[in-house]
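A.B. asks: To be precise about what I am sending: the file is called protein_8.txt and holds compact mmCIF, C-alpha atoms.
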# COMPACT_ATOMS: atom_id res chain seq x y z
CA MET A 1 0.00 0.00 0.00
CA ALA A 2 1.15 3.50 -0.77
CA GLU A 3 1.70 5.86 2.09
CA GLU A 4 2.01 9.61 2.08
CA ASP A 5 5.36 10.72 3.39
CA GLY A 6 5.93 14.46 3.61
CA GLY A 7 3.85 15.06 0.48
CA GLY A 8 5.68 12.48 -1.65
CA THR A 9 4.14 9.10 -2.31
CA VAL A 10 6.32 6.15 -1.34
CA LYS A 11 5.41 2.90 -3.04
CA ARG A 12 6.89 -0.54 -2.79
CA PHE A 13 8.70 -1.31 -6.06
CA LEU A 14 9.91 -4.84 -6.83
CA TYR A 15 12.16 -5.54 -9.79
CA VAL A 16 11.92 -9.19 -10.81
CA ASN A 17 14.97 -10.41 -12.71
CA ARG A 18 14.23 -13.61 -14.60
CA LYS A 19 16.90 -13.87 -17.28
CA ALA A 20 20.57 -14.83 -17.49
CA PRO A 21 22.81 -11.74 -17.76
CA HIS A 22 24.40 -11.70 -21.19
CA GLY A 23 22.26 -13.67 -23.68
CA THR A 24 19.73 -10.85 -23.85
CA ILE A 25 19.76 -7.20 -22.76
CA TYR A 26 16.94 -7.51 -20.20
CA ALA A 27 19.21 -7.90 -17.16
CA HIS A 28 21.45 -4.97 -18.10
CA GLU A 29 18.58 -2.60 -18.90
CA SER A 30 16.70 -3.72 -15.76
CA LEU A 31 19.67 -2.60 -13.67
CA GLU A 32 19.57 0.78 -15.45
CA VAL A 33 15.96 1.21 -14.32
CA VAL A 34 16.91 0.34 -10.74
CA LEU A 35 19.71 2.94 -10.73
CA ILE A 36 17.52 5.71 -12.19
CA GLY A 37 14.62 4.71 -9.95
CA ALA A 38 16.78 5.00 -6.84
CA ALA A 39 16.63 8.80 -7.18
CA PHE A 40 12.87 8.68 -6.57
CA GLU A 41 13.24 7.48 -2.97
CA GLN A 42 10.80 4.63 -3.21
CA ASP A 43 10.83 1.40 -1.19
CA VAL A 44 12.83 -0.78 -3.57
CA SER A 45 13.45 -4.54 -3.61
CA LEU A 46 15.03 -6.81 -6.21
CA ALA A 47 14.17 -10.44 -6.77
CA PHE A 48 16.22 -12.94 -8.75
CA VAL A 49 14.34 -15.99 -9.96
CA GLY A 50 15.03 -18.79 -12.45
CA ASP A 51 18.01 -18.04 -14.70
CA GLY A 52 18.00 -14.53 -13.20
CA VAL A 53 20.17 -15.86 -10.36
CA TYR A 54 23.08 -16.09 -12.85
CA GLN A 55 23.15 -12.26 -12.91
CA LEU A 56 24.71 -12.29 -9.44
CA VAL A 57 27.33 -14.98 -9.97
CA LYS A 58 30.91 -14.00 -9.08
CA GLY A 59 33.75 -13.98 -11.58
CA GLN A 60 31.86 -13.07 -14.74
CA ASP A 61 34.19 -12.27 -17.63
CA THR A 62 32.61 -10.79 -20.75
CA LYS A 63 35.81 -9.85 -22.61
CA GLY A 64 35.26 -12.54 -25.21
CA LEU A 65 31.69 -11.36 -25.74
CA GLU A 66 32.79 -7.74 -26.14
CA SER A 67 29.80 -6.77 -24.00
CA LYS A 68 29.77 -4.89 -20.72
CA ASN A 69 30.21 -6.86 -17.52
CA PHE A 70 27.71 -5.01 -15.35
CA SER A 71 27.78 -7.47 -12.43
CA PRO A 72 30.09 -5.24 -10.28
CA THR A 73 27.30 -2.62 -10.36
CA PHE A 74 25.21 -4.82 -8.07
CA ARG A 75 27.81 -4.09 -5.37
CA ALA A 76 27.13 -0.35 -5.77
CA LEU A 77 23.39 -0.71 -5.09
CA GLU A 78 24.00 -0.32 -1.36
CA ASP A 79 25.18 3.26 -2.02
CA TYR A 80 21.76 3.91 -3.57
CA ASP A 81 20.00 2.53 -0.48
CA VAL A 82 18.89 -0.52 -2.44
CA THR A 83 19.60 -3.29 0.03
CA LYS A 84 16.71 -5.74 -0.25
CA LEU A 85 17.90 -8.40 -2.67
CA TYR A 86 15.92 -11.65 -2.64
CA VAL A 87 17.17 -14.76 -4.40
CA GLU A 88 14.98 -17.78 -5.07
CA GLN A 89 16.37 -20.73 -3.16
CA GLU A 90 15.02 -23.37 -5.57
CA ALA A 91 16.60 -21.57 -8.54
CA LEU A 92 20.00 -21.44 -6.84
CA GLU A 93 19.88 -25.11 -5.86
CA ALA A 94 18.73 -26.28 -9.28
CA ARG A 95 21.79 -24.56 -10.78
CA GLY A 96 24.27 -25.92 -8.24
CA LEU A 97 24.83 -22.45 -6.76
CA GLY A 98 24.96 -21.13 -3.21
CA GLU A 99 25.12 -17.76 -1.47
CA ALA A 100 28.94 -17.92 -1.49
CA ASP A 101 28.90 -17.84 -5.31
CA LEU A 102 27.21 -14.44 -5.44
CA VAL A 103 28.76 -10.95 -5.77
CA VAL A 104 26.60 -9.33 -3.06
CA PRO A 105 24.97 -10.31 0.22
CA VAL A 106 21.38 -11.45 -0.45
CA GLN A 107 18.45 -12.99 1.32
CA VAL A 108 17.86 -16.50 -0.01
CA VAL A 109 14.14 -17.24 0.19
CA SER A 110 11.86 -20.03 -0.99
CA ALA A 111 9.65 -19.52 -4.06
CA ALA A 112 6.64 -19.63 -1.73
CA ARG A 113 8.08 -16.82 0.43
CA LEU A 114 8.91 -14.85 -2.71
CA ALA A 115 5.26 -15.09 -3.75
CA GLU A 116 4.31 -13.47 -0.43
CA ILE A 117 6.91 -10.73 -0.99
CA MET A 118 5.46 -10.06 -4.46
CA GLU A 119 1.97 -9.95 -3.03
CA ALA A 120 3.01 -7.15 -0.67
CA GLN A 121 4.26 -4.83 -3.48
CA ASP A 122 2.59 -1.85 -5.13
CA VAL A 123 4.56 -1.99 -8.38
CA VAL A 124 6.15 -5.13 -9.85
CA LEU A 125 8.43 -4.67 -12.86
CA SER A 126 9.52 -7.96 -14.42
CA PHE A 127 12.50 -8.20 -16.71
CA MET B 1 -8.79 3.39 -12.57
CA LYS B 2 -5.60 5.14 -13.63
CA LEU B 3 -3.37 2.72 -15.53
CA GLY B 4 0.25 2.85 -16.63
CA ILE B 5 1.51 0.52 -19.35
CA LEU B 6 5.04 -0.75 -19.99
CA VAL B 7 5.82 -2.34 -23.38
CA ASN B 8 9.09 -4.26 -23.44
CA GLU B 9 9.07 -5.85 -26.91
CA GLY B 10 9.15 -4.54 -30.46
CA PRO B 11 6.41 -4.94 -33.05
CA TYR B 12 5.79 -8.11 -35.12
CA THR B 13 8.52 -10.36 -33.62
CA HIS B 14 6.59 -10.51 -30.39
CA GLU B 15 2.92 -10.31 -29.46
CA ALA B 16 3.53 -8.07 -26.40
CA SER B 17 2.91 -4.81 -28.26
CA ASP B 18 -0.31 -6.15 -29.83
CA THR B 19 -1.57 -7.32 -26.43
CA ALA B 20 -0.67 -4.01 -24.81
CA TYR B 21 -2.52 -2.14 -27.57
CA GLN B 22 -5.64 -4.32 -27.25
CA PHE B 23 -5.50 -3.93 -23.46
CA ALA B 24 -5.18 -0.13 -23.75
CA LYS B 25 -8.06 0.07 -26.21
CA ALA B 26 -10.30 -2.11 -24.02
CA ALA B 27 -9.38 -0.20 -20.85
CA LEU B 28 -10.17 3.16 -22.49
CA ALA B 29 -13.47 1.79 -23.80
CA LYS B 30 -14.37 0.82 -20.23
CA GLY B 31 -13.69 4.37 -19.08
CA HIS B 32 -10.29 3.84 -17.46
CA GLU B 33 -7.59 6.45 -17.75
CA ILE B 34 -4.13 5.63 -19.15
CA SER B 35 -1.59 7.99 -17.66
CA ARG B 36 1.29 6.87 -19.88
CA VAL B 37 2.53 4.10 -22.16
CA PHE B 38 6.26 3.63 -21.70
CA PHE B 39 8.31 1.72 -24.27
CA TYR B 40 11.52 0.03 -23.12
CA HIS B 41 14.04 -2.53 -24.40
CA ASP B 42 13.14 -3.39 -28.04
CA GLY B 43 9.74 -1.88 -27.27
CA VAL B 44 11.13 1.45 -28.50
CA ASN B 45 10.89 0.04 -32.04
CA ASN B 46 7.13 0.53 -31.77
CA GLY B 47 7.86 4.23 -32.25
CA THR B 48 9.49 4.33 -35.69
CA ARG B 49 7.46 5.94 -38.45
CA LEU B 50 9.50 4.13 -41.12
CA THR B 51 7.80 0.73 -40.87
CA VAL B 52 5.97 -0.43 -44.00
CA PRO B 53 4.15 -3.65 -43.09
CA PRO B 54 2.35 -5.65 -45.82
CA GLN B 55 -1.08 -4.23 -46.62
CA ASP B 56 -2.91 -7.32 -45.41
CA ASP B 57 -1.28 -7.09 -41.98
CA ARG B 58 -1.98 -4.74 -39.06
CA ASN B 59 0.12 -1.59 -38.80
CA VAL B 60 1.33 -1.75 -35.20
CA VAL B 61 3.03 1.65 -35.14
CA LYS B 62 0.17 3.48 -36.87
CA ARG B 63 -2.33 1.88 -34.47
CA TRP B 64 -0.45 3.33 -31.48
CA SER B 65 -0.25 6.77 -33.13
CA GLU B 66 -3.99 6.74 -33.87
CA LEU B 67 -4.89 5.61 -30.36
CA ALA B 68 -2.70 8.38 -28.95
CA ALA B 69 -4.37 11.00 -31.15
CA ALA B 70 -7.89 9.81 -30.26
CA HIS B 71 -7.30 9.67 -26.49
CA LYS B 72 -4.43 12.14 -25.96
CA LEU B 73 -2.20 9.28 -24.78
CA ASP B 74 1.35 9.99 -23.64
CA LEU B 75 3.55 7.52 -25.57
CA VAL B 76 7.13 7.66 -24.28
CA LEU B 77 10.20 5.94 -25.73
CA CYS B 78 13.04 5.45 -23.25
CA ILE B 79 15.92 7.65 -24.41
CA ALA B 80 18.70 5.22 -23.44
CA ALA B 81 16.98 2.28 -25.13
CA ALA B 82 16.14 4.45 -28.16
CA GLN B 83 19.72 5.66 -28.57
CA ARG B 84 21.01 2.08 -28.58
CA ARG B 85 18.50 1.08 -31.24
CA GLY B 86 18.50 4.07 -33.59
CA LEU B 87 15.22 5.79 -32.65
CA MET B 88 15.57 9.57 -32.97
CA ASP B 89 13.42 12.65 -32.79
CA LYS B 90 14.57 15.87 -34.46
CA GLY B 91 16.33 17.17 -31.35
CA GLU B 92 18.21 13.93 -30.73
CA ALA B 93 19.24 13.64 -34.39
CA LYS B 94 20.65 17.15 -34.29
CA ARG B 95 22.38 16.58 -30.96
CA HIS B 96 24.13 13.44 -32.20
CA GLY B 97 24.88 14.72 -35.69
CA LYS B 98 22.63 12.17 -37.42
CA ASP B 99 21.16 12.86 -40.86
CA ALA B 100 17.61 11.74 -40.10
CA ASP B 101 14.97 11.30 -37.45
CA ASN B 102 12.36 8.54 -37.46
CA ILE B 103 9.96 8.97 -34.58
CA ALA B 104 6.26 8.38 -35.31
CA PRO B 105 3.46 10.89 -34.55
CA GLY B 106 2.22 10.78 -30.97
CA PHE B 107 5.48 9.42 -29.53
CA ARG B 108 8.09 11.36 -27.61
CA ILE B 109 11.52 10.46 -26.25
CA SER B 110 12.27 10.88 -22.56
CA GLY B 111 14.10 9.34 -19.63
CA LEU B 112 13.54 6.27 -17.47
CA GLY B 113 12.36 8.56 -14.68
CA GLN B 114 9.07 8.77 -16.58
CA LEU B 115 8.58 5.03 -16.05
CA ILE B 116 9.18 5.29 -12.30
CA GLU B 117 6.88 8.33 -12.16
CA THR B 118 4.15 6.32 -13.90
CA GLY B 119 4.61 3.52 -11.35
CA ILE B 120 4.15 6.04 -8.55
CA GLU B 121 1.19 7.91 -10.07
CA ALA B 122 -0.84 5.10 -11.61
CA ASP B 123 -3.12 2.81 -9.62
CA ARG B 124 -1.69 -0.12 -11.59
CA LEU B 125 1.36 -0.48 -13.81
CA VAL B 126 0.79 -3.28 -16.31
CA VAL B 127 3.89 -4.83 -17.93
CA PHE B 128 3.81 -6.46 -21.38
CA GLY B 129 6.91 -8.38 -22.37
CA ASP B 130 8.63 -11.69 -22.87
Now, as a test, write the supplied structure out as structure tokens.
C.D. replies:
Amino acid sequence: MAEEDGGGTVKRFLYVNRKAPHGTIYAHESLEVVLIGAAFEQDVSLAFVGDGVYQLVKGQDTKGLESKNFSPTFRALEDYDVTKLYVEQEALEARGLGEADLVVPVQVVSAARLAEIMEAQDVVLSF
Amino acid sequence: MKLGILVNEGPYTHEASDTAYQFAKAALAKGHEISRVFFYHDGVNNGTRLTVPPQDDRNVVKRWSELAAAHKLDLVLCIAAAQRRGLMDKGEAKRHGKDADNIAPGFRISGLGQLIETGIEADRLVVFGD
């Protein structure tokens, strides 16, 4: 639910990242929305589900692809007060990954818990 | 209800733009307000006036332009996504030293902040994509 806060509306925004980072542009351009959106002082969360969990994997090297490795940018999100990063537990496990493989601290949550988190949002942007 | 719409795919390759258009048309017919349609990713390709689809097919771009004219819709192409993909209005073409612009009537180019603003202002933001 939206609440009035000193005249400005604060809504709960959730960015749902569903795709692997470099095969398509969705992940990269999603992060651009998060960075621009941070200036609006909303209540922001990010969720990583399915192949989206690959976006956070450590040690990405895109030199051979000649595309930008934007994964270090996730570490800068804290400076933008974006600190709620949820990662789907089932997606991590299915891909043989764990929290230690990721570039930033996250909250690993079950798909069922993630559904509850989504339910509590005002705006859900899926990429 | 005040609705915002996000279109994340280009015309013809993907059905998302068609579905968004049909949704917008139906919502307006039911008396809802559409505060903005924001085009992102390849969705910015919905805003080129240079498409020439076969005559027996729908004209996706023209449909958006006509809907905008009839209902005073605000159709916004994301500037960063548009720059990557070669969508230009006159000002952008001049600024980047390009020899042409290609934006269709009813569309304008602006920043991602307009998407966030729509999310804040609208009662619902409806996303159409892959």
A.B. asks: Considering all atoms listed in the file, can you say which of A:Val123, A:Ala47, A:Val16, A:Asp101 comes closest to Gln60 of chain A?
C.D. replies: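 When distances to Gln60 of chain A are compared using all atoms listed in the file, the smallest one comes from A:Asp101.
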A.B. asks: Enter the distance from atom CA of Asn17 of chain A to atom CA of Leu77 of chain B, in Å, rounded to one decimal.
C.D. replies: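 Interatomic distance here is 21.4 Å.
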A.B. asks: Compile the residues of chain B that lie within 8 Å of chain A, evaluated using all atoms listed in the file, and express the compilation as a ChimeraX atom specification.
C.D. replies: /B:41,112-113,116,119-120,124-125,127,129
A.B. asks: Which value, in Å to one decimal, gives the distance between atom CA of Met118 of chain A and atom CA of Thr24 of chain A?
C.D. replies: 24.1 Å
A.B. asks: Atom CA of Leu46 of chain A and atom CA of Tyr86 of chain A are how many Å apart?
C.D. replies: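 One can read the atom CA of Leu46 of chain A to atom CA of Tyr86 of chain A distance as 6.1 Å.
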A.B. asks: Could you check which of B:Glu33, B:Glu66, B:Glu9, B:Glu117 is closest to Pro105 of chain B, using only C-alpha atoms?
C.D. replies: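 Using only C-alpha atoms, Pro105 of chain B sits closest to B:Glu66.
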A.B. asks: Calculated over all atoms listed in the file, which of the candidates B:Arg58, B:Arg84, B:His71, B:Arg49 has the smallest distance to Arg36 of chain B?
C.D. replies: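 Distance minimum relative to Arg36 of chain B lands on B:His71.
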A.B. asks: Which residues, protein or nucleic acid, reach to within 7 Å of (24.5, -5.2, -22.5) in the file's coordinates when using all atoms listed in the file, and can you give that as a PDB file with C-alpha atoms, keeping the file's coordinate frame?
C.D. replies:
ATOM      1  CA  HIS A  22      24.400 -11.700 -21.190  1.00  0.00           C
ATOM      2  CA  ILE A  25      19.760  -7.200 -22.760  1.00  0.00           C
ATOM      3  CA  HIS A  28      21.450  -4.970 -18.100  1.00  0.00           C
ATOM      4  CA  SER A  67      29.800  -6.770 -24.000  1.00  0.00           C
ATOM      5  CA  LYS A  68      29.770  -4.890 -20.720  1.00  0.00           C
TER       6      LYS A  68
END
A.B. asks: Show me, as a count of residues only, the residues that have an atom within 12 Å of Leu114 of chain A when counting only C-alpha atoms, minus same-chain residues fewer than 6 positions from it.
C.D. replies: 18
A.B. asks: Working from the structure I just supplied, which lacks atoms in segment 74-108 of chain A, can you model N, CA and C atoms there and output them as a PDB file, keeping the file's coordinate frame?
C.D. replies:
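The resulting file, part_13.pdb, is shown below:
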ATOM      1  N   PHE A  74      26.088  -4.355  -9.147  1.00  0.00           N
ATOM      2  CA  PHE A  74      25.210  -4.820  -8.070  1.00  0.00           C
ATOM      3  C   PHE A  74      25.799  -4.477  -6.697  1.00  0.00           C
ATOM      4  N   ARG A  75      27.155  -4.428  -6.644  1.00  0.00           N
ATOM      5  CA  ARG A  75      27.810  -4.090  -5.370  1.00  0.00           C
ATOM      6  C   ARG A  75      27.614  -2.619  -5.006  1.00  0.00           C
ATOM      7  N   ALA A  76      27.310  -1.789  -6.017  1.00  0.00           N
ATOM      8  CA  ALA A  76      27.130  -0.350  -5.770  1.00  0.00           C
ATOM      9  C   ALA A  76      25.703  -0.029  -5.306  1.00  0.00           C
ATOM     10  N   LEU A  77      24.797  -0.998  -5.408  1.00  0.00           N
ATOM     11  CA  LEU A  77      23.390  -0.710  -5.090  1.00  0.00           C
ATOM     12  C   LEU A  77      23.206  -0.228  -3.655  1.00  0.00           C
ATOM     13  N   GLU A  78      24.078  -0.721  -2.764  1.00  0.00           N
ATOM     14  CA  GLU A  78      24.000  -0.320  -1.360  1.00  0.00           C
ATOM     15  C   GLU A  78      24.129   1.197  -1.220  1.00  0.00           C
ATOM     16  N   ASP A  79      24.993   1.799  -2.051  1.00  0.00           N
ATOM     17  CA  ASP A  79      25.180   3.260  -2.020  1.00  0.00           C
ATOM     18  C   ASP A  79      23.915   4.004  -2.430  1.00  0.00           C
ATOM     19  N   TYR A  80      23.035   3.311  -3.141  1.00  0.00           N
ATOM     20  CA  TYR A  80      21.760   3.910  -3.570  1.00  0.00           C
ATOM     21  C   TYR A  80      20.626   3.531  -2.614  1.00  0.00           C
ATOM     22  N   ASP A  81      20.987   2.988  -1.458  1.00  0.00           N
ATOM     23  CA  ASP A  81      20.000   2.530  -0.480  1.00  0.00           C
ATOM     24  C   ASP A  81      19.103   1.416  -1.006  1.00  0.00           C
ATOM     25  N   VAL A  82      19.620   0.660  -1.963  1.00  0.00           N
ATOM     26  CA  VAL A  82      18.890  -0.520  -2.440  1.00  0.00           C
ATOM     27  C   VAL A  82      19.553  -1.729  -1.799  1.00  0.00           C
ATOM     28  N   THR A  83      18.937  -2.250  -0.752  1.00  0.00           N
ATOM     29  CA  THR A  83      19.600  -3.290   0.030  1.00  0.00           C
ATOM     30  C   THR A  83      18.784  -4.580   0.148  1.00  0.00           C
ATOM     31  N   LYS A  84      17.531  -4.536  -0.349  1.00  0.00           N
ATOM     32  CA  LYS A  84      16.710  -5.740  -0.250  1.00  0.00           C
ATOM     33  C   LYS A  84      16.812  -6.551  -1.535  1.00  0.00           C
ATOM     34  N   LEU A  85      17.709  -7.522  -1.520  1.00  0.00           N
ATOM     35  CA  LEU A  85      17.900  -8.400  -2.670  1.00  0.00           C
ATOM     36  C   LEU A  85      17.470  -9.812  -2.285  1.00  0.00           C
ATOM     37  N   TYR A  86      16.431 -10.304  -2.933  1.00  0.00           N
ATOM     38  CA  TYR A  86      15.920 -11.650  -2.640  1.00  0.00           C
ATOM     39  C   TYR A  86      16.301 -12.600  -3.767  1.00  0.00           C
ATOM     40  N   VAL A  87      16.806 -13.766  -3.399  1.00  0.00           N
ATOM     41  CA  VAL A  87      17.170 -14.760  -4.400  1.00  0.00           C
ATOM     42  C   VAL A  87      16.377 -16.038  -4.137  1.00  0.00           C
ATOM     43  N   GLU A  88      15.803 -16.570  -5.204  1.00  0.00           N
ATOM     44  CA  GLU A  88      14.980 -17.780  -5.070  1.00  0.00           C
ATOM     45  C   GLU A  88      15.854 -19.001  -4.769  1.00  0.00           C
ATOM     46  N   GLN A  89      15.579 -19.591  -3.630  1.00  0.00           N
ATOM     47  CA  GLN A  89      16.370 -20.730  -3.160  1.00  0.00           C
ATOM     48  C   GLN A  89      16.348 -21.902  -4.161  1.00  0.00           C
ATOM     49  N   GLU A  90      15.157 -22.242  -4.640  1.00  0.00           N
ATOM     50  CA  GLU A  90      15.020 -23.370  -5.570  1.00  0.00           C
ATOM     51  C   GLU A  90      15.844 -23.143  -6.839  1.00  0.00           C
ATOM     52  N   ALA A  91      15.858 -21.885  -7.314  1.00  0.00           N
ATOM     53  CA  ALA A  91      16.600 -21.570  -8.540  1.00  0.00           C
ATOM     54  C   ALA A  91      18.098 -21.727  -8.330  1.00  0.00           C
ATOM     55  N   LEU A  92      18.577 -21.278  -7.168  1.00  0.00           N
ATOM     56  CA  LEU A  92      20.000 -21.440  -6.840  1.00  0.00           C
ATOM     57  C   LEU A  92      20.372 -22.911  -6.801  1.00  0.00           C
ATOM     58  N   GLU A  93      19.571 -23.677  -6.051  1.00  0.00           N
ATOM     59  CA  GLU A  93      19.880 -25.110  -5.860  1.00  0.00           C
ATOM     60  C   GLU A  93      19.850 -25.869  -7.176  1.00  0.00           C
ATOM     61  N   ALA A  94      18.863 -25.572  -7.997  1.00  0.00           N
ATOM     62  CA  ALA A  94      18.730 -26.280  -9.280  1.00  0.00           C
ATOM     63  C   ALA A  94      19.935 -26.041 -10.176  1.00  0.00           C
ATOM     64  N   ARG A  95      20.641 -24.905  -9.951  1.00  0.00           N
ATOM     65  CA  ARG A  95      21.790 -24.560 -10.780  1.00  0.00           C
ATOM     66  C   ARG A  95      23.123 -24.852 -10.067  1.00  0.00           C
ATOM     67  N   GLY A  96      23.047 -25.552  -8.959  1.00  0.00           N
ATOM     68  CA  GLY A  96      24.270 -25.920  -8.240  1.00  0.00           C
ATOM     69  C   GLY A  96      24.979 -24.731  -7.629  1.00  0.00           C
ATOM     70  N   LEU A  97      24.226 -23.663  -7.315  1.00  0.00           N
ATOM     71  CA  LEU A  97      24.830 -22.450  -6.760  1.00  0.00           C
ATOM     72  C   LEU A  97      24.441 -22.265  -5.299  1.00  0.00           C
ATOM     73  N   GLY A  98      25.268 -21.484  -4.594  1.00  0.00           N
ATOM     74  CA  GLY A  98      24.960 -21.130  -3.210  1.00  0.00           C
ATOM     75  C   GLY A  98      25.253 -19.661  -2.996  1.00  0.00           C
ATOM     76  N   GLU A  99      24.915 -19.176  -1.798  1.00  0.00           N
ATOM     77  CA  GLU A  99      25.120 -17.760  -1.470  1.00  0.00           C
ATOM     78  C   GLU A  99      26.572 -17.320  -1.677  1.00  0.00           C
ATOM     79  N   ALA A 100      27.512 -18.254  -1.394  1.00  0.00           N
ATOM     80  CA  ALA A 100      28.940 -17.920  -1.490  1.00  0.00           C
ATOM     81  C   ALA A 100      29.376 -17.658  -2.929  1.00  0.00           C
ATOM     82  N   ASP A 101      28.563 -18.061  -3.902  1.00  0.00           N
ATOM     83  CA  ASP A 101      28.900 -17.840  -5.310  1.00  0.00           C
ATOM     84  C   ASP A 101      28.476 -16.476  -5.823  1.00  0.00           C
ATOM     85  N   LEU A 102      27.819 -15.675  -4.962  1.00  0.00           N
ATOM     86  CA  LEU A 102      27.210 -14.440  -5.440  1.00  0.00           C
ATOM     87  C   LEU A 102      28.039 -13.199  -5.086  1.00  0.00           C
ATOM     88  N   VAL A 103      27.919 -12.153  -5.927  1.00  0.00           N
ATOM     89  CA  VAL A 103      28.760 -10.950  -5.770  1.00  0.00           C
ATOM     90  C   VAL A 103      28.330 -10.039  -4.624  1.00  0.00           C
ATOM     91  N   VAL A 104      27.110 -10.191  -4.138  1.00  0.00           N
ATOM     92  CA  VAL A 104      26.600  -9.330  -3.060  1.00  0.00           C
ATOM     93  C   VAL A 104      25.876 -10.156  -2.004  1.00  0.00           C
ATOM     94  N   PRO A 105      25.781  -9.626  -0.786  1.00  0.00           N
ATOM     95  CA  PRO A 105      24.970 -10.310   0.220  1.00  0.00           C
ATOM     96  C   PRO A 105      23.496 -10.263  -0.190  1.00  0.00           C
ATOM     97  N   VAL A 106      22.803 -11.383  -0.063  1.00  0.00           N
ATOM     98  CA  VAL A 106      21.380 -11.450  -0.450  1.00  0.00           C
ATOM     99  C   VAL A 106      20.602 -12.201   0.618  1.00  0.00           C
ATOM    100  N   GLN A 107      19.291 -12.134   0.503  1.00  0.00           N
ATOM    101  CA  GLN A 107      18.450 -12.990   1.320  1.00  0.00           C
ATOM    102  C   GLN A 107      17.941 -14.124   0.426  1.00  0.00           C
ATOM    103  N   VAL A 108      18.333 -15.345   0.760  1.00  0.00           N
ATOM    104  CA  VAL A 108      17.860 -16.500  -0.010  1.00  0.00           C
ATOM    105  C   VAL A 108      16.507 -16.916   0.565  1.00  0.00           C
TER     106      VAL A 108
END
